[in-house]
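Engineer: Data: final.tsv, TSV, C-alpha atoms.
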chain	number	residue	atom	x	y	z
A	26	MET	CA	67.30	-211.90	112.91
A	27	PRO	CA	65.19	-214.94	111.88
A	28	ALA	CA	62.27	-212.56	111.30
A	29	ALA	CA	64.46	-210.41	109.07
A	30	ASN	CA	65.55	-213.50	107.13
A	31	GLU	CA	61.93	-214.56	106.68
A	32	LYS	CA	61.09	-211.11	105.33
A	33	THR	CA	64.05	-211.29	102.96
A	34	THR	CA	63.02	-214.72	101.69
A	35	SER	CA	59.41	-213.60	101.17
A	36	ALA	CA	60.53	-210.47	99.35
A	37	ARG	CA	62.79	-212.53	97.08
A	38	TYR	CA	59.92	-214.71	95.95
A	39	VAL	CA	57.62	-211.75	95.40
A	40	VAL	CA	60.33	-210.35	93.12
A	41	LEU	CA	60.68	-213.72	91.39
A	42	GLY	CA	56.90	-213.88	90.90
A	43	ALA	CA	56.97	-210.49	89.19
A	44	PHE	CA	59.78	-211.66	86.87
A	45	CYS	CA	57.90	-214.86	86.03
A	46	LEU	CA	54.77	-212.86	85.23
A	47	ALA	CA	56.81	-210.64	82.90
A	48	ALA	CA	58.21	-213.75	81.19
A	49	MET	CA	54.70	-215.20	80.75
A	50	ILE	CA	53.42	-211.95	79.23
A	51	ALA	CA	56.39	-211.72	76.87
A	52	TYR	CA	55.88	-215.27	75.60
A	53	MET	CA	52.13	-214.83	75.26
A	54	GLN	CA	52.83	-211.93	72.91
A	55	ARG	CA	55.61	-213.56	70.90
A	56	THR	CA	53.95	-216.99	70.52
A	57	ALA	CA	50.58	-215.70	69.30
A	58	ILE	CA	51.83	-214.81	65.82
A	59	GLY	CA	52.64	-218.43	65.04
A	60	VAL	CA	49.07	-219.48	65.86
A	61	VAL	CA	47.48	-216.83	63.63
A	62	ALA	CA	50.05	-216.87	60.81
A	63	GLY	CA	47.48	-218.34	58.41
A	64	ASN	CA	44.90	-215.69	59.29
A	65	ILE	CA	47.42	-212.88	58.85
A	66	ARG	CA	48.51	-214.31	55.49
A	67	SER	CA	44.89	-214.44	54.37
A	68	ASP	CA	44.11	-210.87	55.47
A	69	PHE	CA	47.21	-209.35	53.86
A	70	GLY	CA	47.58	-211.72	50.90
A	71	LEU	CA	51.03	-212.94	51.96
A	72	SER	CA	52.82	-216.02	50.66
A	73	THR	CA	54.16	-218.64	53.06
A	74	GLY	CA	57.69	-217.42	52.34
A	75	ALA	CA	56.81	-213.80	53.09
A	76	MET	CA	55.17	-214.76	56.39
A	77	GLY	CA	58.19	-216.84	57.28
A	78	PHE	CA	60.39	-213.82	56.59
A	79	VAL	CA	58.30	-211.73	58.98
A	80	MET	CA	58.48	-214.31	61.78
A	81	SER	CA	62.19	-214.97	61.27
A	82	GLY	CA	62.95	-211.25	61.34
A	83	TYR	CA	61.74	-211.07	64.93
A	84	TYR	CA	64.43	-213.54	66.03
A	85	TRP	CA	67.17	-211.59	64.26
A	86	THR	CA	66.27	-208.21	65.77
A	87	TYR	CA	65.80	-209.89	69.15
A	88	ALA	CA	69.20	-211.59	68.89
A	89	PHE	CA	71.20	-208.54	67.86
A	90	SER	CA	69.49	-206.30	70.41
A	91	GLN	CA	70.56	-208.52	73.28
A	92	LEU	CA	73.98	-206.96	73.86
A	93	PRO	CA	72.90	-203.30	73.87
A	94	ALA	CA	69.84	-204.21	75.96
A	95	GLY	CA	72.02	-206.07	78.45
A	96	TRP	CA	74.37	-203.10	78.69
A	97	LEU	CA	71.44	-200.74	79.27
A	98	GLY	CA	70.06	-203.04	81.96
A	99	GLN	CA	73.46	-203.10	83.64
A	100	ARG	CA	73.80	-199.31	83.31
A	101	PHE	CA	70.32	-198.18	84.40
A	102	GLY	CA	69.12	-201.12	86.49
A	103	SER	CA	66.02	-203.28	86.32
A	104	ARG	CA	63.69	-200.94	88.17
A	105	TRP	CA	63.25	-198.73	85.12
A	106	MET	CA	64.72	-200.72	82.24
A	107	LEU	CA	62.57	-203.82	82.80
A	108	PRO	CA	59.17	-202.04	82.84
A	109	ALA	CA	60.28	-199.94	79.87
A	110	CYS	CA	60.93	-203.12	77.87
A	111	VAL	CA	57.64	-204.72	78.93
A	112	ALA	CA	55.68	-201.53	78.14
A	113	LEU	CA	57.31	-201.06	74.74
A	114	SER	CA	56.90	-204.71	73.72
A	115	SER	CA	53.25	-204.53	74.82
A	116	GLY	CA	52.83	-201.37	72.78
A	117	CYS	CA	54.18	-203.25	69.76
A	118	ALA	CA	51.67	-206.05	70.36
A	119	ALA	CA	48.85	-203.51	70.37
A	120	ALA	CA	50.24	-201.76	67.28
A	121	LEU	CA	50.35	-205.11	65.49
A	122	ALA	CA	46.61	-205.44	66.03
A	123	PHE	CA	46.02	-202.11	64.27
A	124	SER	CA	48.44	-202.70	61.36
A	125	SER	CA	46.83	-201.72	58.08
A	126	SER	CA	49.35	-203.37	55.76
A	127	TRP	CA	51.83	-206.22	55.81
A	128	VAL	CA	54.72	-203.74	55.62
A	129	ALA	CA	53.51	-201.97	58.76
A	130	MET	CA	53.00	-205.32	60.46
A	131	MET	CA	56.52	-206.45	59.55
A	132	LEU	CA	58.09	-203.24	60.85
A	133	VAL	CA	56.14	-203.47	64.11
A	134	TRP	CA	57.16	-207.10	64.60
A	135	LEU	CA	60.81	-206.31	63.93
A	136	LEU	CA	60.56	-203.52	66.52
A	137	ALA	CA	58.93	-205.95	68.95
A	138	GLY	CA	62.05	-208.11	68.77
A	139	ILE	CA	64.15	-205.10	69.77
A	140	THR	CA	61.94	-203.97	72.65
A	141	ILE	CA	61.64	-207.38	74.29
A	142	ALA	CA	65.41	-207.99	74.24
A	143	GLY	CA	66.11	-206.43	77.65
A	144	ILE	CA	63.57	-208.38	79.68
A	145	PHE	CA	65.58	-211.50	80.46
A	146	PRO	CA	69.01	-209.86	80.92
A	147	CYS	CA	67.39	-207.52	83.47
A	148	CYS	CA	65.74	-210.43	85.29
A	149	VAL	CA	69.04	-212.30	85.46
A	150	GLN	CA	70.90	-209.23	86.75
A	151	SER	CA	68.32	-208.78	89.52
A	152	ILE	CA	68.38	-212.46	90.49
A	153	VAL	CA	72.13	-212.06	91.08
A	154	ARG	CA	71.40	-209.18	93.46
A	155	TRP	CA	68.41	-210.70	95.24
A	156	PHE	CA	69.34	-214.39	95.53
A	157	PRO	CA	72.43	-215.94	97.12
A	158	ALA	CA	74.58	-218.10	94.84
A	159	GLN	CA	73.20	-221.36	96.24
A	160	GLU	CA	69.61	-220.36	95.40
A	161	ARG	CA	69.83	-219.09	91.83
A	162	ALA	CA	69.00	-222.22	89.88
A	163	PHE	CA	65.38	-222.35	91.07
A	164	PRO	CA	64.53	-218.82	89.89
A	165	SER	CA	66.33	-219.63	86.62
A	166	GLY	CA	64.19	-222.73	86.16
A	167	ALA	CA	61.04	-220.87	87.17
A	168	LEU	CA	61.71	-218.24	84.50
A	169	GLY	CA	62.12	-220.98	81.89
A	170	SER	CA	58.89	-222.68	82.94
A	171	SER	CA	57.04	-219.35	82.89
A	172	MET	CA	58.08	-218.78	79.29
A	173	SER	CA	56.59	-222.13	78.26
A	174	VAL	CA	53.44	-221.51	80.33
A	175	GLY	CA	52.99	-218.18	78.55
A	176	GLY	CA	53.44	-219.87	75.20
A	177	ALA	CA	50.95	-222.62	76.07
A	178	VAL	CA	48.33	-220.14	77.32
A	179	SER	CA	48.80	-218.00	74.21
A	180	THR	CA	48.45	-220.99	71.88
A	181	ALA	CA	45.21	-222.16	73.46
A	182	LEU	CA	43.63	-218.73	74.01
A	183	THR	CA	44.57	-217.32	70.61
A	184	GLY	CA	43.14	-220.33	68.78
A	185	TRP	CA	39.92	-220.04	70.79
A	186	LEU	CA	39.59	-216.31	70.06
A	187	VAL	CA	40.11	-216.84	66.34
A	188	LYS	CA	37.40	-219.52	66.33
A	189	VAL	CA	34.89	-217.57	68.44
A	190	LEU	CA	35.37	-214.34	66.49
A	191	ALA	CA	35.45	-215.96	63.05
A	192	GLU	CA	32.37	-214.05	61.91
A	193	SER	CA	33.28	-210.80	63.69
A	194	THR	CA	34.00	-207.58	61.82
A	195	TRP	CA	37.27	-207.33	63.74
A	196	PRO	CA	39.33	-210.55	63.32
A	197	GLY	CA	40.18	-212.61	66.38
A	198	TRP	CA	43.92	-212.34	65.78
A	199	ARG	CA	43.73	-208.57	66.19
A	200	VAL	CA	41.67	-208.90	69.38
A	201	ALA	CA	44.25	-211.36	70.76
A	202	PHE	CA	47.16	-208.95	70.39
A	203	VAL	CA	45.22	-206.14	72.08
A	204	LEU	CA	44.35	-208.45	74.99
A	205	TYR	CA	47.98	-209.57	75.37
A	206	ALA	CA	49.16	-205.94	75.42
A	207	LEU	CA	46.96	-204.93	78.36
A	208	PRO	CA	48.54	-207.04	81.16
A	209	GLY	CA	51.99	-205.94	80.02
A	210	LEU	CA	51.09	-202.27	80.24
A	211	LEU	CA	49.53	-202.79	83.67
A	212	TRP	CA	52.58	-204.73	84.89
A	213	ALA	CA	54.92	-201.99	83.65
A	214	ALA	CA	52.92	-199.30	85.45
A	215	ILE	CA	52.99	-201.10	88.82
A	216	PHE	CA	56.47	-202.67	88.92
A	217	PRO	CA	58.74	-199.60	89.43
A	218	TRP	CA	56.66	-198.27	92.33
A	219	TRP	CA	57.54	-201.15	94.65
A	220	PHE	CA	60.65	-202.84	93.19
A	221	ARG	CA	64.16	-201.87	94.34
A	222	GLU	CA	67.49	-202.94	92.85
A	223	ARG	CA	68.78	-204.56	96.07
A	224	PRO	CA	67.15	-206.16	99.14
A	225	ALA	CA	68.78	-203.60	101.43
A	226	GLN	CA	66.82	-200.84	99.72
A	227	VAL	CA	63.48	-202.39	100.68
A	228	GLU	CA	62.19	-201.06	103.98
A	229	ALA	CA	60.63	-204.35	105.06
A	230	VAL	CA	63.87	-206.25	104.49
A	231	ALA	CA	66.87	-206.21	106.79
A	232	SER	CA	69.53	-203.83	105.54
A	233	ASP	CA	72.42	-205.94	106.71
A	234	GLN	CA	71.98	-208.79	104.26
A	235	PRO	CA	75.27	-210.06	102.81
A	236	GLN	CA	76.03	-208.88	99.29
A	237	PRO	CA	76.54	-211.51	96.61
A	238	ALA	CA	80.11	-212.55	95.85
A	239	VAL	CA	81.85	-210.65	93.05
A	240	ALA	CA	82.69	-212.99	90.20
A	241	GLU	CA	85.98	-212.92	88.36
A	242	PHE	CA	84.47	-211.71	85.09
A	243	ASP	CA	83.74	-208.43	86.89
A	244	ASP	CA	87.42	-207.57	86.88
A	245	SER	CA	88.51	-209.32	83.68
A	246	PRO	CA	88.82	-207.03	80.65
A	247	GLU	CA	89.05	-210.10	78.40
A	248	TRP	CA	85.91	-211.83	79.70
A	249	TRP	CA	84.37	-211.95	76.23
A	250	THR	CA	87.27	-214.05	74.85
A	251	ASP	CA	87.39	-216.36	77.89
A	252	SER	CA	86.99	-219.99	76.83
A	253	ARG	CA	84.11	-220.36	79.27
A	254	THR	CA	82.24	-217.48	77.62
A	255	ILE	CA	82.67	-219.23	74.27
A	256	LEU	CA	81.40	-222.54	75.67
A	257	ILE	CA	78.45	-220.83	77.41
A	258	CYS	CA	77.47	-219.24	74.10
A	259	LEU	CA	77.99	-222.41	72.06
A	260	GLN	CA	75.86	-224.56	74.33
A	261	GLN	CA	73.07	-221.95	74.20
A	262	PHE	CA	73.27	-221.80	70.40
A	263	LEU	CA	72.80	-225.57	70.24
A	264	ARG	CA	70.14	-225.69	72.99
A	265	ALA	CA	67.99	-223.06	71.28
A	266	ALA	CA	68.37	-224.72	67.88
A	267	GLY	CA	67.16	-227.98	69.40
A	268	TYR	CA	64.27	-226.44	71.32
A	269	VAL	CA	62.89	-224.36	68.44
A	270	PHE	CA	62.44	-227.54	66.38
A	271	TYR	CA	59.37	-228.31	68.50
A	272	ALA	CA	57.84	-224.91	67.75
A	273	THR	CA	58.54	-225.02	64.01
A	274	TRP	CA	59.04	-228.28	62.10
A	275	PHE	CA	58.08	-230.96	64.63
A	276	PRO	CA	54.40	-231.17	63.52
A	277	SER	CA	55.56	-231.55	59.91
A	278	TYR	CA	58.01	-234.26	60.97
A	279	LEU	CA	55.21	-236.21	62.68
A	280	GLN	CA	52.91	-235.93	59.67
A	281	ALA	CA	55.65	-236.99	57.25
A	282	THR	CA	57.07	-239.91	59.28
A	283	ARG	CA	54.13	-241.16	61.37
A	284	GLY	CA	51.19	-240.27	59.13
A	285	VAL	CA	49.24	-238.33	61.76
A	286	SER	CA	46.67	-235.63	60.97
A	287	THR	CA	47.26	-231.93	61.49
A	288	ALA	CA	45.10	-231.95	64.63
A	289	GLU	CA	46.95	-234.99	66.04
A	290	ALA	CA	50.31	-233.41	65.23
A	291	GLY	CA	49.31	-230.27	67.13
A	292	LEU	CA	48.25	-232.27	70.17
A	293	LEU	CA	51.37	-234.44	70.15
A	294	THR	CA	53.61	-231.39	69.71
A	295	SER	CA	52.31	-229.99	73.00
A	296	LEU	CA	53.72	-232.97	74.94
A	297	PRO	CA	57.45	-232.08	74.67
A	298	LEU	CA	56.58	-228.47	75.57
A	299	LEU	CA	54.71	-229.67	78.66
A	300	GLY	CA	57.83	-231.63	79.56
A	301	VAL	CA	59.77	-228.35	79.52
A	302	VAL	CA	57.18	-226.68	81.77
A	303	ALA	CA	57.33	-229.54	84.28
A	304	GLY	CA	61.10	-229.82	84.27
A	305	GLY	CA	62.14	-226.16	84.44
A	306	ALA	CA	61.24	-225.17	87.99
A	307	ALA	CA	61.71	-228.71	89.35
A	308	GLY	CA	65.18	-228.88	87.85
A	309	GLY	CA	66.12	-225.49	89.29
A	310	TRP	CA	64.97	-226.57	92.74
A	311	ALA	CA	66.97	-229.81	92.49
A	312	ILE	CA	70.10	-228.04	91.24
A	313	ASP	CA	70.05	-225.68	94.23
A	314	ARG	CA	69.76	-228.67	96.57
A	315	ILE	CA	72.62	-230.45	94.79
A	316	ASP	CA	74.74	-227.30	95.08
A	317	ARG	CA	74.15	-227.12	98.84
A	318	TRP	CA	74.77	-230.83	99.30
A	319	SER	CA	77.94	-231.02	97.21
A	320	GLY	CA	79.34	-227.51	97.71
A	321	SER	CA	80.65	-227.82	94.16
A	322	ARG	CA	79.67	-225.89	91.04
A	323	ARG	CA	81.25	-228.62	88.96
A	324	VAL	CA	78.67	-231.06	90.33
A	325	SER	CA	75.61	-228.77	90.43
A	326	ARG	CA	76.28	-227.01	87.10
A	327	GLN	CA	78.72	-228.97	84.96
A	328	LEU	CA	77.70	-232.53	85.86
A	329	VAL	CA	73.96	-231.82	85.90
A	330	GLY	CA	74.13	-229.88	82.62
A	331	GLY	CA	76.14	-232.61	80.92
A	332	LEU	CA	74.02	-235.51	82.16
A	333	SER	CA	70.65	-233.91	81.44
A	334	HIS	CA	71.51	-233.13	77.83
A	335	THR	CA	73.14	-236.52	77.30
A	336	VAL	CA	69.95	-238.24	78.49
A	337	CYS	CA	67.88	-235.97	76.25
A	338	GLY	CA	69.95	-236.82	73.18
A	339	LEU	CA	69.89	-240.57	73.88
A	340	LEU	CA	66.11	-240.59	74.36
A	341	ILE	CA	65.65	-238.81	71.03
A	342	PHE	CA	67.82	-241.49	69.42
A	343	ALA	CA	65.69	-244.17	71.11
A	344	ALA	CA	62.48	-242.59	69.77
A	345	ALA	CA	63.68	-242.38	66.15
A	346	PRO	CA	62.90	-246.02	65.14
A	347	ILE	CA	59.59	-246.21	67.05
A	348	GLN	CA	56.73	-246.17	64.53
A	349	ASN	CA	53.85	-245.64	66.95
A	350	ALA	CA	53.45	-241.86	67.01
A	351	THR	CA	52.18	-241.58	70.58
A	352	LEU	CA	54.90	-243.83	71.98
A	353	ALA	CA	57.64	-242.06	69.99
A	354	VAL	CA	56.51	-238.62	71.14
A	355	SER	CA	56.21	-239.86	74.73
A	356	VAL	CA	59.87	-240.93	74.65
A	357	ILE	CA	60.86	-237.61	73.06
A	358	SER	CA	58.86	-235.81	75.78
A	359	LEU	CA	60.87	-237.62	78.44
A	360	GLY	CA	63.91	-236.25	76.65
A	361	SER	CA	62.52	-232.71	76.78
A	362	LEU	CA	61.87	-233.23	80.50
A	363	ALA	CA	65.52	-234.26	80.97
A	364	PHE	CA	66.59	-231.24	78.92
A	365	ALA	CA	64.49	-228.93	81.11
A	366	LEU	CA	65.82	-230.45	84.35
A	367	GLY	CA	69.26	-229.17	83.41
A	368	SER	CA	68.22	-225.96	81.65
A	369	ALA	CA	68.68	-223.79	84.73
A	370	THR	CA	72.43	-224.49	84.64
A	371	SER	CA	72.93	-222.20	81.63
A	372	TYR	CA	71.25	-219.25	83.38
A	373	ALA	CA	72.91	-220.00	86.71
A	374	VAL	CA	76.42	-220.14	85.28
A	375	THR	CA	76.08	-216.64	83.79
A	376	MET	CA	75.18	-215.41	87.28
A	377	ASP	CA	78.03	-217.36	88.90
A	378	LEU	CA	80.66	-215.95	86.58
A	379	GLY	CA	79.11	-212.67	85.46
A	380	GLY	CA	78.68	-210.84	88.77
A	381	ARG	CA	78.06	-207.18	87.92
A	382	ARG	CA	78.35	-208.17	84.26
A	383	ALA	CA	75.65	-210.86	84.57
A	384	ALA	CA	73.17	-208.94	82.39
A	385	THR	CA	75.76	-208.45	79.65
A	386	LEU	CA	77.08	-212.02	79.81
A	387	PHE	CA	73.53	-213.38	79.69
A	388	ALA	CA	72.71	-211.07	76.78
A	389	VAL	CA	75.68	-212.37	74.77
A	390	MET	CA	74.64	-215.96	75.55
A	391	ASN	CA	71.01	-215.30	74.65
A	392	MET	CA	72.03	-213.56	71.43
A	393	CYS	CA	73.85	-216.71	70.35
A	394	GLY	CA	70.83	-218.80	71.35
A	395	ASN	CA	68.49	-216.72	69.20
A	396	ILE	CA	70.85	-216.93	66.24
A	397	GLY	CA	70.61	-220.72	66.63
A	398	ALA	CA	66.81	-220.45	66.83
A	399	ALA	CA	66.72	-218.34	63.66
A	400	LEU	CA	69.04	-220.64	61.68
A	401	CYS	CA	67.47	-223.95	62.71
A	402	PRO	CA	64.18	-223.72	60.71
A	403	LEU	CA	66.13	-222.61	57.64
A	404	ALA	CA	68.64	-225.46	58.00
A	405	VAL	CA	65.88	-228.07	58.35
A	406	GLY	CA	64.09	-226.75	55.28
A	407	LEU	CA	67.30	-227.04	53.27
A	408	LEU	CA	68.32	-230.47	54.60
A	409	VAL	CA	65.02	-232.38	54.38
A	410	PRO	CA	65.02	-232.71	50.54
A	411	HIS	CA	68.50	-234.24	50.71
A	412	ILE	CA	68.52	-236.44	53.81
A	413	GLY	CA	64.80	-236.97	54.54
A	414	TRP	CA	62.73	-236.42	57.67
A	415	ASP	CA	63.92	-239.57	59.47
A	416	ALA	CA	67.52	-238.34	59.53
A	417	ILE	CA	66.45	-234.95	60.91
A	418	LEU	CA	65.53	-236.42	64.29
A	419	TRP	CA	68.93	-238.09	64.53
A	420	CYS	CA	70.49	-234.69	63.85
A	421	PHE	CA	68.59	-233.18	66.76
A	422	GLY	CA	69.63	-235.95	69.08
A	423	GLY	CA	73.21	-235.16	68.06
A	424	ILE	CA	72.67	-231.47	68.81
A	425	TYR	CA	71.82	-232.24	72.44
A	426	LEU	CA	74.89	-234.47	72.74
A	427	GLY	CA	76.85	-231.49	71.43
A	428	VAL	CA	75.47	-229.45	74.33
A	429	ALA	CA	76.67	-232.16	76.72
A	430	CYS	CA	80.16	-231.94	75.18
A	431	CYS	CA	80.22	-228.20	75.85
A	432	TRP	CA	79.45	-228.85	79.52
A	433	ALA	CA	82.20	-231.46	79.67
A	434	PHE	CA	84.75	-228.69	79.05
A	435	LEU	CA	82.99	-225.80	80.84
A	436	ASP	CA	84.42	-225.22	84.30
A	437	PRO	CA	81.79	-223.10	86.11
A	438	THR	CA	83.86	-222.49	89.24
A	439	PRO	CA	84.90	-218.84	89.72
A	440	ARG	CA	88.63	-218.91	90.27
A	441	THR	CA	88.95	-215.50	91.92
A	442	VAL	CA	86.12	-214.54	94.21
A	443	SER	CA	86.06	-211.63	96.63
A	444	ALA	CA	83.36	-210.67	99.09
For the file at hand, write its structure as structure tokens.

Structural biologist:
Amino acid sequence: MPAANEKTTSARYVVLGAFCLAAMIAYMQRTAIGVVAGNIRSDFGLSTGAMGFVMSGYYWTYAFSQLPAGWLGQRFGSRWMLPACVALSSGCAAALAFSSSWVAMMLVWLLAGITIAGIFPCCVQSIVRWFPAQERAFPSGALGSSMSVGGAVSTALTGWLVKVLAESTWPGWRVAFVLYALPGLLWAAIFPWWFRERPAQVEAVASDQPQPAVAEFDDSPEWWTDSRTILICLQQFLRAAGYVFYATWFPSYLQATRGVSTAEAGLLTSLPLLGVVAGGAAGGWAIDRIDRWSGSRRVSRQLVGGLSHTVCGLLIFAAAPIQNATLAVSVISLGSLAFALGSATSYAVTMDLGGRRAATLFAVMNMCGNIGAALCPLAVGLLVPHIGWDAILWCFGGIYLGVACCWAFLDPTPRTVSA
């Protein structure tokens, strides 16, 4: 039996590695457009507002496709739904490279938001099936870190391609999207041939592994109006609104309040994102250990989630009056590290309570998060002329404290669990 358990554990982490690779590919594709926005505007003669409309549209189609994508993942399983999403989103990336007009580009990018929507609900559903309840925070954190790694790789590689191919007849931004499509298509071709929905279906894994517990939301027809569902969605809305600030307005904030150059702002902006990369997997690992040690979801989910976001908010408040740009961003980066250490709790709680509905529950949560991500840049643009850039950072500190308040009331303990 120990040998069988070792095989099961190895198989789990092979599966997790495949999911993390899919997450990296997805974020390489979706992040690249922000790097080359200026080049695309120049090629198609777009205004800043028009380009912003294109980029914002992606978040809206992505958000409102979450629920149907989650249902499809739950209905047809990850073995076929997940590679279909990766292949279609990669096809959109390639099509973007060959767009001949800004209208075609906009339509392709809107479609990309739809096709990518099923990737993370499918991953979450499969983690429920492959990992026992006490080991789900680490894969959740690893997925989060993989997203940020994909974004970081895309940012660096896309910028390099644009620079190297500046004099080329085919612009570097088009080459980048073709390159980012290829690994996704290869991944989608390989994945369904070896992946199975459950460990017992894999020949090398023991067939007598215990099935995960069935969560109460499985049997609750009113799960979508449950107060915990509302709190899960609200905390994700706030978390995503806070996180997207780094990817949108943070460089402008640094230039306006600390007087740094564009190049310095870009470098400093990478620091909070690196904090997320470092904290995601480490936090997931720690949360699983806390869960085993305490035997309590209130401690490993609710307490960790509340404390991590409280610390994040307080560190942002502490950074606000610091005038030295490097020191201020270093303190903010410690806050993003604290945020990331507790990020796995939001994924893990959808698995704890969702059971067979985990993909759908996660999709609803992620939909709310992407609505927050879409509204945040607009809200900042409207608020800055009235309250100034200095007050904006205080607002974002308050957002993370709002997340902590959600966790204060969110009981993650399933009340009716059957084997």

Engineer: Measuring atom to atom with only C-alpha atoms, identify which of A:Gln54, A:Ser173, A:Ser319, A:Thr194 is nearest to Gln159 of chain A.

Structural biologist: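 The shortest atom-to-atom distance to Gln159 of chain A comes from A:Ser319.
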
Engineer: With all atoms listed in the file as the basis for distance, which of A:Pro157, A:Gly423, A:Gly169, A:Gly116 is at the shortest distance from Ala206 of chain A?

Structural biologist: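 Closest residue, counting all atoms listed in the file: A:Gly116.
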
Engineer: Could the residues of segment 344-394 of chain A that have an atom at most 8 Å from segment 258-264 of chain A be listed as a tab-separated table, each with its closest atom pair and the distance in Å to one decimal, counting all atoms listed in the file and ordered by chain and ascending residue number?

Structural biologist:
residue	atom	partner	partner_atom	distance
A:Ser371	CA	A:Gln261	CA	7.4
A:Val389	CA	A:Cys258	CA	7.1
A:Met390	CA	A:Cys258	CA	4.6
A:Asn391	CA	A:Gln261	CA	7.0
A:Cys393	CA	A:Phe262	CA	5.1
A:Gly394	CA	A:Phe262	CA	4.0

Engineer: I'd like to know which of A:Ala88, A:Val153, A:Val374, A:Ala213 is closest to Leu400 of chain A, using all atoms listed in the file.

Structural biologist: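 Nearest candidate to Leu400 of chain A out of A:Ala88, A:Val153, A:Val374, A:Ala213: A:Ala88.
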
Engineer: Near segment 105-110 of chain A, counting only C-alpha atoms, which residues have an atom at most 10 Å away, once you skip same-chain residues fewer than 3 positions from it, shown as a PyMOL selection string?

Structural biologist: chain A and resi 44+47+51+94-95+97-102+113-116+137+139-148+209-218+220-222

Engineer: I need the residue nearest Val285 of chain A from this list: A:Asn349, A:Ser72, A:Ser151, A:Thr438. Use all atoms listed in the file for the distance.

Structural biologist: A:Asn349

Engineer: In Å to one decimal, how far is atom CA of Leu186 of chain A from atom CA of Leu204 of chain A?

Structural biologist: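 These atoms are spaced 10.4 Å apart.
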
Engineer: Enter the distance from atom CA of Cys117 of chain A to atom CA of Val133 of chain A, in Å, rounded to one decimal.

Structural biologist: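 Computed distance, atom CA of Cys117 of chain A to atom CA of Val133 of chain A, equals 6.0 Å.
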
Engineer: In terms of the shortest atom-to-atom distance over all atoms listed in the file, which of A:Tyr425, A:Trp185, A:Trp155, A:Trp219 is closest to Ile341 of chain A?

Structural biologist: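 The shortest atom-to-atom distance to Ile341 of chain A comes from A:Tyr425.
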